[in-house]
>>> print(open('final08.cif').read())   # mmCIF, C-alpha atoms
data_input
loop_
_atom_site.group_PDB
_atom_site.id
_atom_site.type_symbol
_atom_site.label_atom_id
_atom_site.label_comp_id
_atom_site.auth_asym_id
_atom_site.auth_seq_id
_atom_site.Cartn_x
_atom_site.Cartn_y
_atom_site.Cartn_z
ATOM 1 C CA MET H 277 183.176 -19.379 115.955
ATOM 2 C CA ALA H 278 181.997 -15.758 116.190
ATOM 3 C CA LYS H 279 181.449 -13.627 113.097
ATOM 4 C CA TYR H 280 182.974 -10.565 114.757
ATOM 5 C CA ARG H 281 185.387 -9.600 117.533
ATOM 6 C CA LYS H 282 183.812 -8.645 120.849
ATOM 7 C CA LEU H 283 186.748 -6.408 121.866
ATOM 8 C CA GLY H 284 186.023 -6.999 125.570
ATOM 9 C CA ARG H 285 183.008 -4.697 125.578
ATOM 10 C CA THR H 286 179.244 -4.834 125.821
ATOM 11 C CA SER H 287 177.342 -4.582 122.533
ATOM 12 C CA SER H 288 176.403 -0.905 123.001
ATOM 13 C CA GLN H 289 179.969 0.083 123.946
ATOM 14 C CA ARG H 290 181.370 -1.891 121.021
ATOM 15 C CA LYS H 291 178.930 -0.319 118.553
ATOM 16 C CA ALA H 292 179.740 3.193 119.819
ATOM 17 C CA LEU H 293 183.496 2.547 119.639
ATOM 18 C CA LEU H 294 183.332 1.222 116.076
ATOM 19 C CA ARG H 295 181.044 4.033 114.889
ATOM 20 C CA ASN H 296 183.385 6.587 116.451
ATOM 21 C CA GLN H 297 186.489 5.101 114.838
ATOM 22 C CA VAL H 298 184.888 4.653 111.397
ATOM 23 C CA THR H 299 183.758 8.304 111.540
ATOM 24 C CA ALA H 300 187.296 9.391 112.478
ATOM 25 C CA LEU H 301 188.813 7.256 109.694
ATOM 26 C CA LEU H 302 186.549 8.699 106.988
ATOM 27 C CA ASN H 303 186.950 12.248 108.304
ATOM 28 C CA ASN H 304 190.755 12.216 108.710
ATOM 29 C CA GLY H 305 191.852 9.557 106.219
ATOM 30 C CA LYS H 306 193.852 7.544 108.761
ATOM 31 C CA ILE H 307 193.864 6.592 112.459
ATOM 32 C CA VAL H 308 196.098 4.642 114.844
ATOM 33 C CA THR H 309 194.441 1.850 116.824
ATOM 34 C CA THR H 310 194.930 -1.779 117.851
ATOM 35 C CA GLU H 311 195.004 -4.562 115.292
ATOM 36 C CA ALA H 312 191.742 -6.216 116.413
ATOM 37 C CA LYS H 313 189.831 -2.915 116.319
ATOM 38 C CA ALA H 314 191.316 -2.044 112.913
ATOM 39 C CA LYS H 315 190.113 -5.311 111.391
ATOM 40 C CA GLU H 316 186.568 -4.622 112.602
ATOM 41 C CA ILE H 317 186.713 -0.984 111.442
ATOM 42 C CA ARG H 318 187.865 -2.146 108.011
ATOM 43 C CA LYS H 319 184.690 -4.240 107.504
ATOM 44 C CA ILE H 320 182.382 -1.328 108.251
ATOM 45 C CA ALA H 321 184.365 1.357 106.397
ATOM 46 C CA GLU H 322 184.776 -0.725 103.237
ATOM 47 C CA GLY H 323 181.037 -1.455 103.210
ATOM 48 C CA LEU H 324 180.233 2.265 103.424
ATOM 49 C CA ILE H 325 182.728 3.154 100.684
ATOM 50 C CA ALA H 326 181.410 0.372 98.424
ATOM 51 C CA MET H 327 177.882 1.708 98.932
ATOM 52 C CA ALA H 328 179.047 5.248 98.070
ATOM 53 C CA VAL H 329 180.869 4.042 94.929
ATOM 54 C CA LYS H 330 177.775 2.169 93.745
ATOM 55 C CA GLU H 331 175.401 5.131 94.251
ATOM 56 C CA LYS H 332 177.693 8.108 93.515
ATOM 57 C CA ASP H 333 176.054 9.073 90.190
ATOM 58 C CA ASN H 334 172.477 8.136 91.092
ATOM 59 C CA PHE H 335 170.907 11.603 91.344
ATOM 60 C CA GLU H 336 169.225 14.194 89.182
ATOM 61 C CA GLU H 337 169.757 17.951 89.191
ATOM 62 C CA VAL H 338 166.559 19.915 89.741
ATOM 63 C CA THR H 339 165.977 23.682 89.563
ATOM 64 C CA VAL H 340 163.868 25.046 92.413
ATOM 65 C CA LYS H 341 162.735 28.513 93.429
ATOM 66 C CA ALA H 342 163.931 29.556 96.870
ATOM 67 C CA LYS H 343 163.261 32.596 99.034
ATOM 68 C CA VAL H 344 166.515 34.190 100.143
ATOM 69 C CA ALA H 345 166.823 37.161 102.494
ATOM 70 C CA ARG H 346 168.175 40.295 100.792
ATOM 71 C CA LYS H 347 171.424 41.502 102.394
ATOM 72 C CA ASP H 348 173.197 44.857 102.418
ATOM 73 C CA GLU H 349 176.930 45.526 101.883
ATOM 74 C CA ASN H 350 177.730 44.535 105.509
ATOM 75 C CA GLY H 351 175.992 41.161 105.152
ATOM 76 C CA LYS H 352 173.054 42.128 107.372
ATOM 77 C CA ARG H 353 169.455 41.387 106.398
ATOM 78 C CA VAL H 354 167.536 44.284 104.841
ATOM 79 C CA LYS H 355 164.454 45.187 106.920
ATOM 80 C CA GLU H 356 161.378 47.028 105.704
ATOM 81 C CA VAL H 357 158.637 48.627 107.816
ATOM 82 C CA VAL H 358 155.209 47.132 107.019
ATOM 83 C CA ASP H 359 152.181 48.087 109.174
ATOM 84 C CA GLY H 360 154.491 49.434 111.891
ATOM 85 C CA LYS H 361 156.549 46.216 112.097
ATOM 86 C CA LYS H 362 160.021 45.536 110.742
ATOM 87 C CA LYS H 363 159.979 42.643 108.291
ATOM 88 C CA THR H 364 162.827 41.049 106.365
ATOM 89 C CA VAL H 365 162.817 41.520 102.575
ATOM 90 C CA TYR H 366 163.053 38.277 100.572
ATOM 91 C CA ASP H 367 164.025 37.682 96.932
ATOM 92 C CA GLU H 368 163.112 34.644 94.835
ATOM 93 C CA VAL H 369 166.153 32.869 93.423
ATOM 94 C CA ASP H 370 166.505 29.807 91.171
ATOM 95 C CA LYS H 371 168.770 27.148 92.675
ATOM 96 C CA THR H 372 169.912 23.829 91.244
ATOM 97 C CA ILE H 373 169.992 21.017 93.778
ATOM 98 C CA LYS H 374 170.924 17.346 93.654
ATOM 99 C CA LYS H 375 167.823 15.221 94.152
ATOM 100 C CA ASP H 376 168.694 11.686 95.245
ATOM 101 C CA MET H 377 167.070 8.753 93.523
ATOM 102 C CA PRO H 378 165.409 6.281 95.951
ATOM 103 C CA SER H 379 168.355 3.846 96.110
ATOM 104 C CA ARG H 380 170.857 6.653 96.792
ATOM 105 C CA LEU H 381 168.570 8.072 99.481
ATOM 106 C CA HIS H 382 168.449 4.630 101.090
ATOM 107 C CA ALA H 383 172.260 4.403 100.934
ATOM 108 C CA ARG H 384 172.540 7.879 102.502
ATOM 109 C CA ARG H 385 170.286 6.816 105.386
ATOM 110 C CA GLN H 386 172.230 3.586 105.889
ATOM 111 C CA MET H 387 175.445 5.646 106.146
ATOM 112 C CA LEU H 388 173.845 8.050 108.604
ATOM 113 C CA LYS H 389 173.014 5.059 110.835
ATOM 114 C CA VAL H 390 176.753 4.412 111.239
ATOM 115 C CA LEU H 391 178.422 7.837 111.053
ATOM 116 C CA TYR H 392 178.386 10.343 113.895
ATOM 117 C CA PRO H 393 177.933 14.081 113.178
ATOM 118 C CA VAL H 394 181.309 15.856 112.971
ATOM 119 C CA THR H 395 182.008 19.488 113.843
ATOM 120 C CA GLU H 396 185.198 21.075 112.575
ATOM 121 C CA VAL H 397 186.781 23.672 114.870
ATOM 122 C CA PRO H 398 189.533 25.974 113.548
ATOM 123 C CA THR H 399 192.699 25.738 115.698
ATOM 124 C CA ALA H 400 192.688 29.485 116.432
ATOM 125 C CA GLN H 401 189.130 29.272 117.791
ATOM 126 C CA ALA H 402 189.628 26.112 119.899
ATOM 127 C CA GLY H 403 187.159 25.940 122.774
ATOM 128 C CA ARG H 404 184.722 28.431 121.209
ATOM 129 C CA LYS H 405 181.463 27.749 119.408
ATOM 130 C CA LYS H 406 182.031 30.586 116.931
ATOM 131 C CA ASN H 407 183.315 29.630 113.460
ATOM 132 C CA THR H 408 182.646 25.910 113.991
ATOM 133 C CA LYS H 409 181.088 24.138 111.051
ATOM 134 C CA GLU H 410 179.317 20.850 110.539
ATOM 135 C CA VAL H 411 181.112 18.423 108.222
ATOM 136 C CA ASP H 412 178.703 16.400 106.076
ATOM 137 C CA LEU H 413 180.537 13.065 105.967
ATOM 138 C CA VAL H 414 177.920 11.426 103.734
ATOM 139 C CA ALA H 415 178.391 14.166 101.130
ATOM 140 C CA LYS H 416 182.159 13.746 101.501
ATOM 141 C CA LEU H 417 181.767 10.016 100.869
ATOM 142 C CA PHE H 418 179.691 10.585 97.714
ATOM 143 C CA ASP H 419 181.601 13.598 96.318
ATOM 144 C CA GLU H 420 185.266 13.050 97.312
ATOM 145 C CA ILE H 421 185.937 9.464 98.388
ATOM 146 C CA ALA H 422 183.687 7.518 95.945
ATOM 147 C CA PRO H 423 185.053 9.072 92.702
ATOM 148 C CA LYS H 424 188.578 8.258 93.880
ATOM 149 C CA TYR H 425 187.709 4.544 94.146
ATOM 150 C CA ALA H 426 185.291 4.303 91.175
ATOM 151 C CA ASP H 427 187.541 1.991 89.130
ATOM 152 C CA ARG H 428 188.647 -0.101 92.122
ATOM 153 C CA LYS H 429 186.911 -3.328 93.155
ATOM 154 C CA GLY H 430 187.272 -3.405 96.946
ATOM 155 C CA GLY H 431 190.360 -3.013 99.126
ATOM 156 C CA TYR H 432 189.784 0.633 99.996
ATOM 157 C CA THR H 433 191.705 0.519 103.287
ATOM 158 C CA ARG H 434 195.239 -0.467 104.241
ATOM 159 C CA ILE H 435 196.447 -1.713 107.639
ATOM 160 C CA VAL H 436 200.136 -1.068 108.447
ATOM 161 C CA LYS H 437 201.637 -2.537 111.620
ATOM 162 C CA ILE H 438 203.469 0.033 113.763
ATOM 163 C CA GLY H 439 204.650 -2.048 116.700
ATOM 164 C CA GLN H 440 203.657 -2.940 120.224
ATOM 165 C CA ARG H 441 202.153 -0.388 122.588
ATOM 166 C CA LYS H 442 204.335 0.314 125.610
ATOM 167 C CA GLY H 443 201.657 -0.072 128.292
ATOM 168 C CA ASP H 444 200.052 -3.433 127.460
ATOM 169 C CA ALA H 445 202.078 -4.682 124.478
ATOM 170 C CA ALA H 446 199.014 -4.630 122.209
ATOM 171 C CA MET H 447 199.904 -4.551 118.505
ATOM 172 C CA GLU H 448 199.251 -1.043 117.198
ATOM 173 C CA VAL H 449 198.433 -0.431 113.552
ATOM 174 C CA LEU H 450 197.783 2.487 111.232
ATOM 175 C CA ILE H 451 194.572 2.044 109.242
ATOM 176 C CA GLU H 452 194.254 4.412 106.289
ATOM 177 C CA LEU H 453 192.304 4.925 103.101
ATOM 178 C CA VAL H 454 194.360 3.729 100.118
#
>>> encode(input="final08.cif", output="structure tokens")
Amino acid sequence: MAKYRKLGRTSSQRKALLRNQVTALLNNGKIVTTEAKAKEIRKIAEGLIAMAVKEKDNFEEVTVKAKVARKDENGKRVKEVVDGKKKTVYDEVDKTIKKDMPSRLHARRQMLKVLYPVTEVPTAQAGRKKNTKEVDLVAKLFDEIAPKYADRKGGYTRIVKIGQRKGDAAMEVLIELV
């Protein structure tokens, strides 16, 4: 007996489908799909969440000096003429950053193997590249999702049956984060 469902696809198609749906589930909180796909998605998503819960506090805060461009009241970079060339003026600033410990870094890279990059587009700007922003799903897993499930031992997702799809009578379900 197989250890996973093949979903009628080649291995590369199946992997892409599952990665896409797990990314959508973690980004949106819930998705509607077929029962067989949902059961496969659940395995992957719960593994990622368990990894995030285990490593959520495994970092140290470090203060670093960073060069930041000086900006005027309009938000434009301040330029200065040096030797006949315009050069941007930089200030040194102290920043505190989260430095991952080795096991958390490994967990982050394991998550990045599964999750696709997500860009969020505001509804007013649909179809335009302006005002789009990258969503860091790994950071969302560590900072938002993991603390929510810190005291829970597994069972991070819920599958609710909706009914049969009209076209092919496949059982549709709603899979959501608990």
>>> residues_around(input="final08.cif", residues="region 385-390 of chain H", least_positions_apart="4", cutoff="7 Å", atoms="all atoms listed in the file", output="PyMOL selection string")
chain H and resi 295+324+381+414
>>> resolve_selection(input="final08.cif", expression="the PyMOL selection byres ((chain H and resi 369) around 9)", output="list in words")
Val340, Lys341, Ala342, Lys343, Val344, Asp367, Glu368, Asp370 and Lys371 of chain H
>>> axis_aligned_box(input="final08.cif", around="region 374-389 of chain H", padding_each_side="5 Å", output="AutoDock Vina command-line options")
--center_x 170.4 --center_y 10.5 --center_z 102.2 --size_x 20.0 --size_y 23.8 --size_z 27.3
>>> closest_residue(input="final08.cif", among="H:Asn303, H:Thr286, H:Val454, H:Ala383", to="Thr395 (chain H)", atoms="all atoms listed in the file")
H:Asn303
>>> closest_residue(input="final08.cif", among="H:Ala300, H:Val365, H:Leu450, H:Ala321", to="Asp348 (chain H)", atoms="only C-alpha atoms")
H:Val365
>>> residues_around(input="final08.cif", residues="Tyr425 (chain H)", least_positions_apart="3", cutoff="10 Å", atoms="all atoms listed in the file", output="PyMOL selection string")
chain H and resi 325-326+328-329+420-422+428-432+454
>>> residues_near_point(input="final08.cif", point="(181.2, 27.8, 113.8)", cutoff="10 Å", atoms="only C-alpha atoms", output="number ranges by chain")
H: 395-398, 401, 404-410
>>> atom_distance(input="final08.cif", atom1="CA of Tyr392 (chain H)", atom2="CA of Glu311 (chain H)")
22.4 Å
>>> closest_residue(input="final08.cif", among="H:Ile317, H:Tyr366, H:Val449, H:Ala426", to="Val354 (chain H)", atoms="only C-alpha atoms")
H:Tyr366
>>> residues_around(input="final08.cif", residues="Val298 (chain H)", least_positions_apart="6", cutoff="12 Å", atoms="only C-alpha atoms", output="VMD selection string")
chain H and resid 291 to 292 304 to 309 313 to 325 387 to 394 413 433 451 to 453
>>> write_last_selection(input="final08.cif", atoms="C-alpha atoms", output="PDB file, in the frame of the given file")
ATOM      1  CA  LYS H 291     178.930  -0.319 118.553  1.00  0.00           C
ATOM      2  CA  ALA H 292     179.740   3.193 119.819  1.00  0.00           C
ATOM      3  CA  ASN H 304     190.755  12.216 108.710  1.00  0.00           C
ATOM      4  CA  GLY H 305     191.852   9.557 106.219  1.00  0.00           C
ATOM      5  CA  LYS H 306     193.852   7.544 108.761  1.00  0.00           C
ATOM      6  CA  ILE H 307     193.864   6.592 112.459  1.00  0.00           C
ATOM      7  CA  VAL H 308     196.098   4.642 114.844  1.00  0.00           C
ATOM      8  CA  THR H 309     194.441   1.850 116.824  1.00  0.00           C
ATOM      9  CA  LYS H 313     189.831  -2.915 116.319  1.00  0.00           C
ATOM     10  CA  ALA H 314     191.316  -2.044 112.913  1.00  0.00           C
ATOM     11  CA  LYS H 315     190.113  -5.311 111.391  1.00  0.00           C
ATOM     12  CA  GLU H 316     186.568  -4.622 112.602  1.00  0.00           C
ATOM     13  CA  ILE H 317     186.713  -0.984 111.442  1.00  0.00           C
ATOM     14  CA  ARG H 318     187.865  -2.146 108.011  1.00  0.00           C
ATOM     15  CA  LYS H 319     184.690  -4.240 107.504  1.00  0.00           C
ATOM     16  CA  ILE H 320     182.382  -1.328 108.251  1.00  0.00           C
ATOM     17  CA  ALA H 321     184.365   1.357 106.397  1.00  0.00           C
ATOM     18  CA  GLU H 322     184.776  -0.725 103.237  1.00  0.00           C
ATOM     19  CA  GLY H 323     181.037  -1.455 103.210  1.00  0.00           C
ATOM     20  CA  LEU H 324     180.233   2.265 103.424  1.00  0.00           C
ATOM     21  CA  ILE H 325     182.728   3.154 100.684  1.00  0.00           C
ATOM     22  CA  MET H 387     175.445   5.646 106.146  1.00  0.00           C
ATOM     23  CA  LEU H 388     173.845   8.050 108.604  1.00  0.00           C
ATOM     24  CA  LYS H 389     173.014   5.059 110.835  1.00  0.00           C
ATOM     25  CA  VAL H 390     176.753   4.412 111.239  1.00  0.00           C
ATOM     26  CA  LEU H 391     178.422   7.837 111.053  1.00  0.00           C
ATOM     27  CA  TYR H 392     178.386  10.343 113.895  1.00  0.00           C
ATOM     28  CA  PRO H 393     177.933  14.081 113.178  1.00  0.00           C
ATOM     29  CA  VAL H 394     181.309  15.856 112.971  1.00  0.00           C
ATOM     30  CA  LEU H 413     180.537  13.065 105.967  1.00  0.00           C
ATOM     31  CA  THR H 433     191.705   0.519 103.287  1.00  0.00           C
ATOM     32  CA  ILE H 451     194.572   2.044 109.242  1.00  0.00           C
ATOM     33  CA  GLU H 452     194.254   4.412 106.289  1.00  0.00           C
ATOM     34  CA  LEU H 453     192.304   4.925 103.101  1.00  0.00           C
TER      35      LEU H 453
END
>>> closest_residue(input="final08.cif", among="H:His382, H:Lys416, H:Lys363, H:Lys330", to="Arg346 (chain H)", atoms="only C-alpha atoms")
H:Lys363
>>> closest_residue(input="final08.cif", among="H:Glu331, H:Glu349, H:Glu337, H:Glu356", to="Ile373 (chain H)", atoms="all atoms listed in the file")
H:Glu337
>>> closest_residue(input="final08.cif", among="H:Thr364, H:Leu294, H:Glu448, H:Met377", to="Ala345 (chain H)", atoms="only C-alpha atoms")
H:Thr364
>>> atom_distance(input="final08.cif", atom1="CA of Ala278 (chain H)", atom2="CA of Gln440 (chain H)")
25.5 Å
>>> atom_distance(input="final08.cif", atom1="CA of Lys442 (chain H)", atom2="CA of Lys282 (chain H)")
22.9 Å
>>> build_atoms(input="final08.cif", residues="region 301-313 of chain H", atoms="N, CA and C atoms", output="mmCIF file, keeping the file's coordinate frame")
data_model
loop_
_atom_site.group_PDB
_atom_site.id
_atom_site.type_symbol
_atom_site.label_atom_id
_atom_site.label_comp_id
_atom_site.auth_asym_id
_atom_site.auth_seq_id
_atom_site.Cartn_x
_atom_site.Cartn_y
_atom_site.Cartn_z
ATOM 1 N N LEU H 301 188.057 7.732 110.861
ATOM 2 C CA LEU H 301 188.813 7.256 109.694
ATOM 3 C C LEU H 301 188.356 7.967 108.420
ATOM 4 N N LEU H 302 187.056 8.066 108.202
ATOM 5 C CA LEU H 302 186.549 8.699 106.988
ATOM 6 C C LEU H 302 186.748 10.213 107.009
ATOM 7 N N ASN H 303 186.750 10.805 108.192
ATOM 8 C CA ASN H 303 186.950 12.248 108.304
ATOM 9 C C ASN H 303 188.421 12.621 108.106
ATOM 10 N N ASN H 304 189.331 11.864 108.719
ATOM 11 C CA ASN H 304 190.755 12.216 108.710
ATOM 12 C C ASN H 304 191.579 11.470 107.669
ATOM 13 N N GLY H 305 191.087 10.327 107.198
ATOM 14 C CA GLY H 305 191.852 9.557 106.219
ATOM 15 C C GLY H 305 192.691 8.457 106.824
ATOM 16 N N LYS H 306 193.095 8.599 108.083
ATOM 17 C CA LYS H 306 193.852 7.544 108.761
ATOM 18 C C LYS H 306 193.751 7.711 110.274
ATOM 19 N N ILE H 307 193.853 6.580 110.991
ATOM 20 C CA ILE H 307 193.864 6.592 112.459
ATOM 21 C C ILE H 307 194.807 5.506 112.959
ATOM 22 N N VAL H 308 195.262 5.653 114.198
ATOM 23 C CA VAL H 308 196.098 4.642 114.844
ATOM 24 C C VAL H 308 195.260 3.955 115.905
ATOM 25 N N THR H 309 195.243 2.620 115.880
ATOM 26 C CA THR H 309 194.441 1.850 116.824
ATOM 27 C C THR H 309 195.059 0.463 116.965
ATOM 28 N N THR H 310 194.408 -0.426 117.716
ATOM 29 C CA THR H 310 194.930 -1.779 117.851
ATOM 30 C C THR H 310 194.541 -2.609 116.640
ATOM 31 N N GLU H 311 195.218 -3.726 116.472
ATOM 32 C CA GLU H 311 195.004 -4.562 115.292
ATOM 33 C C GLU H 311 193.584 -5.130 115.241
ATOM 34 N N ALA H 312 193.081 -5.610 116.376
ATOM 35 C CA ALA H 312 191.742 -6.216 116.413
ATOM 36 C C ALA H 312 190.673 -5.183 116.060
ATOM 37 N N LYS H 313 190.798 -3.967 116.623
ATOM 38 C CA LYS H 313 189.831 -2.915 116.319
ATOM 39 C C LYS H 313 189.915 -2.533 114.844
#
